[in-house]
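K.L.:
Here it is, the structure, as structure tokens.
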Amino acid sequence: MSRWRTLHFDFHAMASPCSLQMDGVDEALMRHAAAEAILEVRRIEQKFSRYRSDSVISLINQSAGHDAVEIDAETGYFLDFSEKLWQLSDGLFDVTSGVLWQAWDFKNARLPDPENLKNLLTKVGWQHVERDANKVKLGKAGMELDFGGFGKEYAADLAAVVLQSHGISNALVNLGGDLHATGGRGLPELEGAPWHIEIQHPRQDSSGAFTSLAVLPLARGGLATSGDYERFFIQDGQRYCHVLNPQTGWPVAHWQSVSVLAANTTSAGALATIALLKGEDAPAWLQAQGVRYLMVQQDGEIQQNQSS
């Protein structure tokens, strides 16, 4: 008789610790599916990472202000999605804003030079991205595309698709905290129960440890968290994080973290980031998107909507 079991697969990708967890009876099938899913994650990383000189993004960025670059359908999808997010966020989610990081030195905790930041802001703006059928051109020299705002989340969704294509219907993909559940638990004693996802509090407690903020149930779909705690420095009591407003060049400051549950991880991650950028308007905006969320304000107050 086949015996149900839970398998874990740990790996590193996209500068993050990653894992796959799945319930099933066919160990060989689960191992094969996991290997294929990990290959898919690595394919996306190699294709869209701005840190690789041979990636599609690097080719487009190197041609900024000069030639249009021919792109495939998947890259076209990324650009289409980027435009939708730009429109949905009233310009706050802008994949051309990565160039602003050149002004910020988080390693040495230095504020940007005003003139340098002003110059970089002239190179930001989705409206300067030119599309023509299967080609794209960045209209200004020095412009850059950066799909980091949803690339890892997209990889989580495609890894889940790979697992499902192999008949794995009870799995949890975790790429550096961006999660996708293909279905609830499959073990007989847990059948139908959701995966329980622990959300880390964005601030350390008095002992210097990170505690659990909440445990959210996830049976199917995506869960992603954005916050001000991944890359930051504190100067004169003010925290400066890596999530930058593309219209000002300065970091967000209203929320410590935003977690969103949505139909897929790509949407969850993008909505969480937009919410950070929306500041005090974020709760009403997320409410209008019809998603569940958990948010922590700078003063530590928690706001949530778990009923959507």
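Identifiers in this document derive from the order of the structure tokens: chains are assigned A, B, ..., residues are numbered from 1 separately in each chain, and ligands are numbered from 1 in order of occurrence.
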Can you list, as a VMD selection string, every protein, DNA or RNA residue that comes within 9 Å of range 156-168 of chain A when you count only C-alpha atoms, leaving out same-chain residues fewer than 4 positions away?
P.N.:
chain A and resid 22 to 24 29 to 30 32 to 34 36 to 41 151 to 152 172 to 175 178 to 182 221 to 222 264 to 266
K.L.:
Which of range 50-184 of chain A end up as strand (DSSP E or B) when DSSP is run on this backbone - answer as a list in words?
P.N.:
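These are the residues in question: Val69, Glu70, Asp105, Arg110, Val129, Glu130, Arg131, Asp132, Lys135, Val136, Lys137, Leu138, Ala171, Leu172, Val173, Asn174, Leu175, Asp178, Leu179, His180 and Ala181 of chain A.
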K.L.:
Print the selection's residues with C-alpha atoms to a file, as a compact mmCIF listing (two decimals), in the first residue's frame.
P.N.:
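Final output, saved to out-v2.txt:
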# COMPACT_ATOMS: atom_id res chain seq x y z
CA VAL A 69 15.71 45.27 -28.88
CA GLU A 70 13.73 42.31 -30.21
CA ASP A 105 24.47 53.84 -0.43
CA ARG A 110 24.82 57.60 3.20
CA VAL A 129 9.49 53.03 -22.75
CA GLU A 130 8.78 52.59 -26.46
CA ARG A 131 7.00 49.44 -27.67
CA ASP A 132 6.56 48.31 -31.27
CA LYS A 135 10.53 45.22 -29.93
CA VAL A 136 11.22 47.54 -27.01
CA LYS A 137 13.41 50.60 -26.61
CA LEU A 138 14.25 52.72 -23.58
CA ALA A 171 2.45 21.69 -2.55
CA LEU A 172 3.85 24.93 -1.18
CA VAL A 173 6.46 26.91 -3.12
CA ASN A 174 8.52 29.35 -1.06
CA LEU A 175 10.98 31.65 -2.85
CA ASP A 178 7.07 34.71 -1.65
CA LEU A 179 4.72 31.74 -1.56
CA HIS A 180 2.34 29.85 -3.83
CA ALA A 181 0.15 26.97 -2.67
K.L.:
Set the distance at 10 Å and use only C-alpha atoms: which residues neighbour Gln102 in chain A once local chain neighbours fewer than 3 positions away are removed? I'd like the list as JSON, numbers by chain.
P.N.:
{"A": [98, 99, 105, 112, 116, 117, 120]}
K.L.:
Using only C-alpha atoms, can you tell me which of A:Arg239, A:Arg42, A:Arg220, A:Lys123 comes closest to Cys18 in chain A?
P.N.:
A:Arg42
K.L.:
Please compute the CA of Ser226 in chain A-CA of Phe11 in chain A distance, one decimal, in Å.
P.N.:
21.6 Å
K.L.:
Mind giving me the straight-line distance from CA of Lys84 in chain A to CA of Val252 in chain A in Å, one decimal?
P.N.:
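Separation of CA of Lys84 in chain A and CA of Val252 in chain A: 21.3 Å.
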K.L.:
For the helix (DSSP H, G or I) assignment from backbone DSSP, which residues of range 18-147 of chain A qualify? Please present them as a PyMOL selection string.
P.N.:
chain A and resi 27-48+56-62+73-88+97-103+114-121+126-128
K.L.:
Suppose we keep C-alpha atoms; can you now write the selection as a PDB file, in the first residue's frame?
P.N.:
ATOM      1  CA  GLU A  27       8.303   9.845  -3.925  1.00  0.00           C
ATOM      2  CA  ALA A  28       9.987   9.414  -7.311  1.00  0.00           C
ATOM      3  CA  LEU A  29       7.388  11.611  -8.982  1.00  0.00           C
ATOM      4  CA  MET A  30       7.713  14.289  -6.307  1.00  0.00           C
ATOM      5  CA  ARG A  31      11.496  14.346  -6.621  1.00  0.00           C
ATOM      6  CA  HIS A  32      11.303  14.617 -10.409  1.00  0.00           C
ATOM      7  CA  ALA A  33       8.692  17.376 -10.223  1.00  0.00           C
ATOM      8  CA  ALA A  34      10.781  19.290  -7.692  1.00  0.00           C
ATOM      9  CA  ALA A  35      13.870  19.109  -9.909  1.00  0.00           C
ATOM     10  CA  GLU A  36      11.895  20.429 -12.883  1.00  0.00           C
ATOM     11  CA  ALA A  37      10.365  23.249 -10.812  1.00  0.00           C
ATOM     12  CA  ILE A  38      13.796  24.318  -9.556  1.00  0.00           C
ATOM     13  CA  LEU A  39      15.101  24.354 -13.132  1.00  0.00           C
ATOM     14  CA  GLU A  40      12.230  26.659 -14.076  1.00  0.00           C
ATOM     15  CA  VAL A  41      13.091  29.058 -11.253  1.00  0.00           C
ATOM     16  CA  ARG A  42      16.718  29.144 -12.379  1.00  0.00           C
ATOM     17  CA  ARG A  43      15.653  29.723 -16.004  1.00  0.00           C
ATOM     18  CA  ILE A  44      13.670  32.807 -15.010  1.00  0.00           C
ATOM     19  CA  GLU A  45      16.528  34.095 -12.875  1.00  0.00           C
ATOM     20  CA  GLN A  46      19.035  33.739 -15.700  1.00  0.00           C
ATOM     21  CA  LYS A  47      16.716  35.351 -18.226  1.00  0.00           C
ATOM     22  CA  PHE A  48      15.545  38.387 -16.270  1.00  0.00           C
ATOM     23  CA  VAL A  56      17.360  39.961 -21.572  1.00  0.00           C
ATOM     24  CA  ILE A  57      17.113  42.887 -19.162  1.00  0.00           C
ATOM     25  CA  SER A  58      20.812  43.701 -19.450  1.00  0.00           C
ATOM     26  CA  LEU A  59      20.597  43.653 -23.248  1.00  0.00           C
ATOM     27  CA  ILE A  60      17.666  46.097 -23.179  1.00  0.00           C
ATOM     28  CA  ASN A  61      19.371  48.358 -20.631  1.00  0.00           C
ATOM     29  CA  GLN A  62      22.652  48.419 -22.564  1.00  0.00           C
ATOM     30  CA  ALA A  73       6.452  36.665 -25.822  1.00  0.00           C
ATOM     31  CA  GLU A  74       7.425  36.124 -22.180  1.00  0.00           C
ATOM     32  CA  THR A  75       9.399  39.369 -22.039  1.00  0.00           C
ATOM     33  CA  GLY A  76       6.460  41.056 -23.742  1.00  0.00           C
ATOM     34  CA  TYR A  77       4.233  39.738 -20.949  1.00  0.00           C
ATOM     35  CA  PHE A  78       6.559  41.259 -18.343  1.00  0.00           C
ATOM     36  CA  LEU A  79       6.355  44.611 -20.124  1.00  0.00           C
ATOM     37  CA  ASP A  80       2.566  44.408 -20.470  1.00  0.00           C
ATOM     38  CA  PHE A  81       2.241  43.610 -16.773  1.00  0.00           C
ATOM     39  CA  SER A  82       4.612  46.457 -15.902  1.00  0.00           C
ATOM     40  CA  GLU A  83       2.423  48.903 -17.797  1.00  0.00           C
ATOM     41  CA  LYS A  84      -0.721  47.643 -16.038  1.00  0.00           C
ATOM     42  CA  LEU A  85       0.919  48.084 -12.634  1.00  0.00           C
ATOM     43  CA  TRP A  86       2.101  51.576 -13.566  1.00  0.00           C
ATOM     44  CA  GLN A  87      -1.445  52.518 -14.517  1.00  0.00           C
ATOM     45  CA  LEU A  88      -3.026  50.783 -11.510  1.00  0.00           C
ATOM     46  CA  SER A  97      12.924  53.323 -11.111  1.00  0.00           C
ATOM     47  CA  GLY A  98      15.720  50.872 -10.254  1.00  0.00           C
ATOM     48  CA  VAL A  99      18.234  53.397 -11.557  1.00  0.00           C
ATOM     49  CA  LEU A 100      17.523  55.482  -8.429  1.00  0.00           C
ATOM     50  CA  TRP A 101      19.407  52.969  -6.293  1.00  0.00           C
ATOM     51  CA  GLN A 102      22.608  54.405  -7.769  1.00  0.00           C
ATOM     52  CA  ALA A 103      22.048  57.454  -5.551  1.00  0.00           C
ATOM     53  CA  PRO A 114      20.678  65.993  -4.187  1.00  0.00           C
ATOM     54  CA  GLU A 115      22.067  66.810  -7.626  1.00  0.00           C
ATOM     55  CA  ASN A 116      22.799  63.166  -8.397  1.00  0.00           C
ATOM     56  CA  LEU A 117      19.293  62.146  -7.339  1.00  0.00           C
ATOM     57  CA  LYS A 118      17.783  64.956  -9.413  1.00  0.00           C
ATOM     58  CA  ASN A 119      19.717  63.774 -12.475  1.00  0.00           C
ATOM     59  CA  LEU A 120      18.681  60.145 -11.982  1.00  0.00           C
ATOM     60  CA  LEU A 121      15.023  61.126 -11.674  1.00  0.00           C
ATOM     61  CA  TRP A 126       7.480  54.283 -17.877  1.00  0.00           C
ATOM     62  CA  GLN A 127       6.188  56.804 -20.419  1.00  0.00           C
ATOM     63  CA  HIS A 128       9.686  56.769 -21.972  1.00  0.00           C
TER      64      HIS A 128
END
K.L.:
Nearest to Phe232 in chain A: which of A:Gly176, A:Ala109, A:Gln304, A:Ile197 is it, counting only C-alpha atoms?
P.N.:
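Distance minimum relative to Phe232 in chain A lands on A:Ala109.
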K.L.:
What's the 7 Å shell around range 274-285 of chain A, counting only C-alpha atoms, without same-chain residues fewer than 2 positions away, as a list of chain:residue names?
P.N.:
A:Ser89, A:Leu92, A:Phe93, A:Asn245, A:Val252, A:His254, A:Trp255, A:Val258, A:Ala270, A:Leu271, A:Ala272, A:Gln287, A:Ala288, A:Gln289
K.L.:
Keeping only N, CA and C atoms, take the residues you just selected and write them out as a PDB file, in the first residue's frame.
P.N.:
ATOM      1  N   SER A  89      -1.268  51.866 -10.266  1.00  0.00           N
ATOM      2  CA  SER A  89      -0.675  52.549  -9.103  1.00  0.00           C
ATOM      3  C   SER A  89      -0.546  54.054  -9.295  1.00  0.00           C
ATOM      4  N   LEU A  92       3.152  54.942  -9.351  1.00  0.00           N
ATOM      5  CA  LEU A  92       4.012  54.641  -8.205  1.00  0.00           C
ATOM      6  C   LEU A  92       4.812  53.355  -8.387  1.00  0.00           C
ATOM      7  N   PHE A  93       4.274  52.402  -9.137  1.00  0.00           N
ATOM      8  CA  PHE A  93       5.016  51.174  -9.442  1.00  0.00           C
ATOM      9  C   PHE A  93       5.604  51.357 -10.834  1.00  0.00           C
ATOM     10  N   ASN A 245      10.192  55.730  -3.810  1.00  0.00           N
ATOM     11  CA  ASN A 245       9.122  56.348  -4.575  1.00  0.00           C
ATOM     12  C   ASN A 245       9.721  56.876  -5.877  1.00  0.00           C
ATOM     13  N   VAL A 252       9.942  54.868   1.043  1.00  0.00           N
ATOM     14  CA  VAL A 252       8.631  54.864   1.690  1.00  0.00           C
ATOM     15  C   VAL A 252       8.843  54.939   3.204  1.00  0.00           C
ATOM     16  N   HIS A 254       5.662  54.979   5.603  1.00  0.00           N
ATOM     17  CA  HIS A 254       4.428  54.858   6.391  1.00  0.00           C
ATOM     18  C   HIS A 254       4.240  53.471   6.999  1.00  0.00           C
ATOM     19  N   TRP A 255       4.636  52.416   6.270  1.00  0.00           N
ATOM     20  CA  TRP A 255       4.389  51.042   6.716  1.00  0.00           C
ATOM     21  C   TRP A 255       5.692  50.306   7.000  1.00  0.00           C
ATOM     22  N   VAL A 258       3.807  45.015   4.594  1.00  0.00           N
ATOM     23  CA  VAL A 258       2.491  44.736   4.023  1.00  0.00           C
ATOM     24  C   VAL A 258       2.509  43.315   3.469  1.00  0.00           C
ATOM     25  N   ALA A 270       3.100  42.347  -6.220  1.00  0.00           N
ATOM     26  CA  ALA A 270       2.951  43.678  -6.809  1.00  0.00           C
ATOM     27  C   ALA A 270       2.010  44.548  -5.983  1.00  0.00           C
ATOM     28  N   LEU A 271       0.913  43.956  -5.519  1.00  0.00           N
ATOM     29  CA  LEU A 271      -0.046  44.721  -4.711  1.00  0.00           C
ATOM     30  C   LEU A 271       0.562  45.138  -3.375  1.00  0.00           C
ATOM     31  N   ALA A 272       1.380  44.261  -2.783  1.00  0.00           N
ATOM     32  CA  ALA A 272       2.026  44.596  -1.508  1.00  0.00           C
ATOM     33  C   ALA A 272       2.992  45.767  -1.685  1.00  0.00           C
ATOM     34  N   GLN A 287      -8.406  47.425  -0.229  1.00  0.00           N
ATOM     35  CA  GLN A 287      -9.808  47.027  -0.083  1.00  0.00           C
ATOM     36  C   GLN A 287     -10.493  47.039  -1.447  1.00  0.00           C
ATOM     37  N   ALA A 288     -10.190  48.057  -2.237  1.00  0.00           N
ATOM     38  CA  ALA A 288     -10.786  48.172  -3.568  1.00  0.00           C
ATOM     39  C   ALA A 288     -10.309  47.070  -4.507  1.00  0.00           C
ATOM     40  N   GLN A 289      -9.121  46.505  -4.237  1.00  0.00           N
ATOM     41  CA  GLN A 289      -8.607  45.420  -5.084  1.00  0.00           C
ATOM     42  C   GLN A 289      -9.229  44.065  -4.714  1.00  0.00           C
TER      43      GLN A 289
END
K.L.:
Neighbours of Lys107 in chain A within 12 Å (only C-alpha atoms; same-chain residues fewer than 3 positions away dropped), as a PyMOL selection string?
P.N.:
chain A and resi 101+104+110-111+231-234+240-242
K.L.:
Could you jot down the CA of Leu20 in chain A to CA of Glu198 in chain A separation for me, Å, one decimal place?
P.N.:
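It comes out at 15.9 Å.
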K.L.:
Might you pull out every residue within 10 Å of Pro202 in chain A, with only C-alpha atoms counted and same-chain residues fewer than 5 positions away left off, and present them as a list in words?
P.N.:
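The contact residues come out as Phe210, Thr211, Ser212, Leu213, Ser226, Gly227, Asp228, Tyr229, Glu230, Trp255, Gln256, Ser257, Val258, Val296, Gln298 and Gly300 of chain A.
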K.L.:
Which of these, A:Lys140, A:His12, A:Ser53, A:Leu294, has the shortest distance to Ala68 in chain A once you count only C-alpha atoms?
P.N.:
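Looking only at the distances to Ala68 in chain A, the closest residue turns out to be A:Lys140.
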K.L.:
So that I can check the surroundings of Asp26 in chain A, please list as JSON, numbers by chain every protein, DNA and RNA residue that reaches within 9 Å of it, counting only C-alpha atoms and ignoring chain neighbours fewer than 6 positions away.
P.N.:
{"A": [2, 3, 4, 5]}
K.L.:
Which residue out of A:Gln303, A:Asn134, A:Thr122, A:Thr225 has the minimum interatomic distance to Thr248 in chain A when only C-alpha atoms are used?
P.N.:
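Answer, going by the shortest atom-to-atom distance: A:Thr122.
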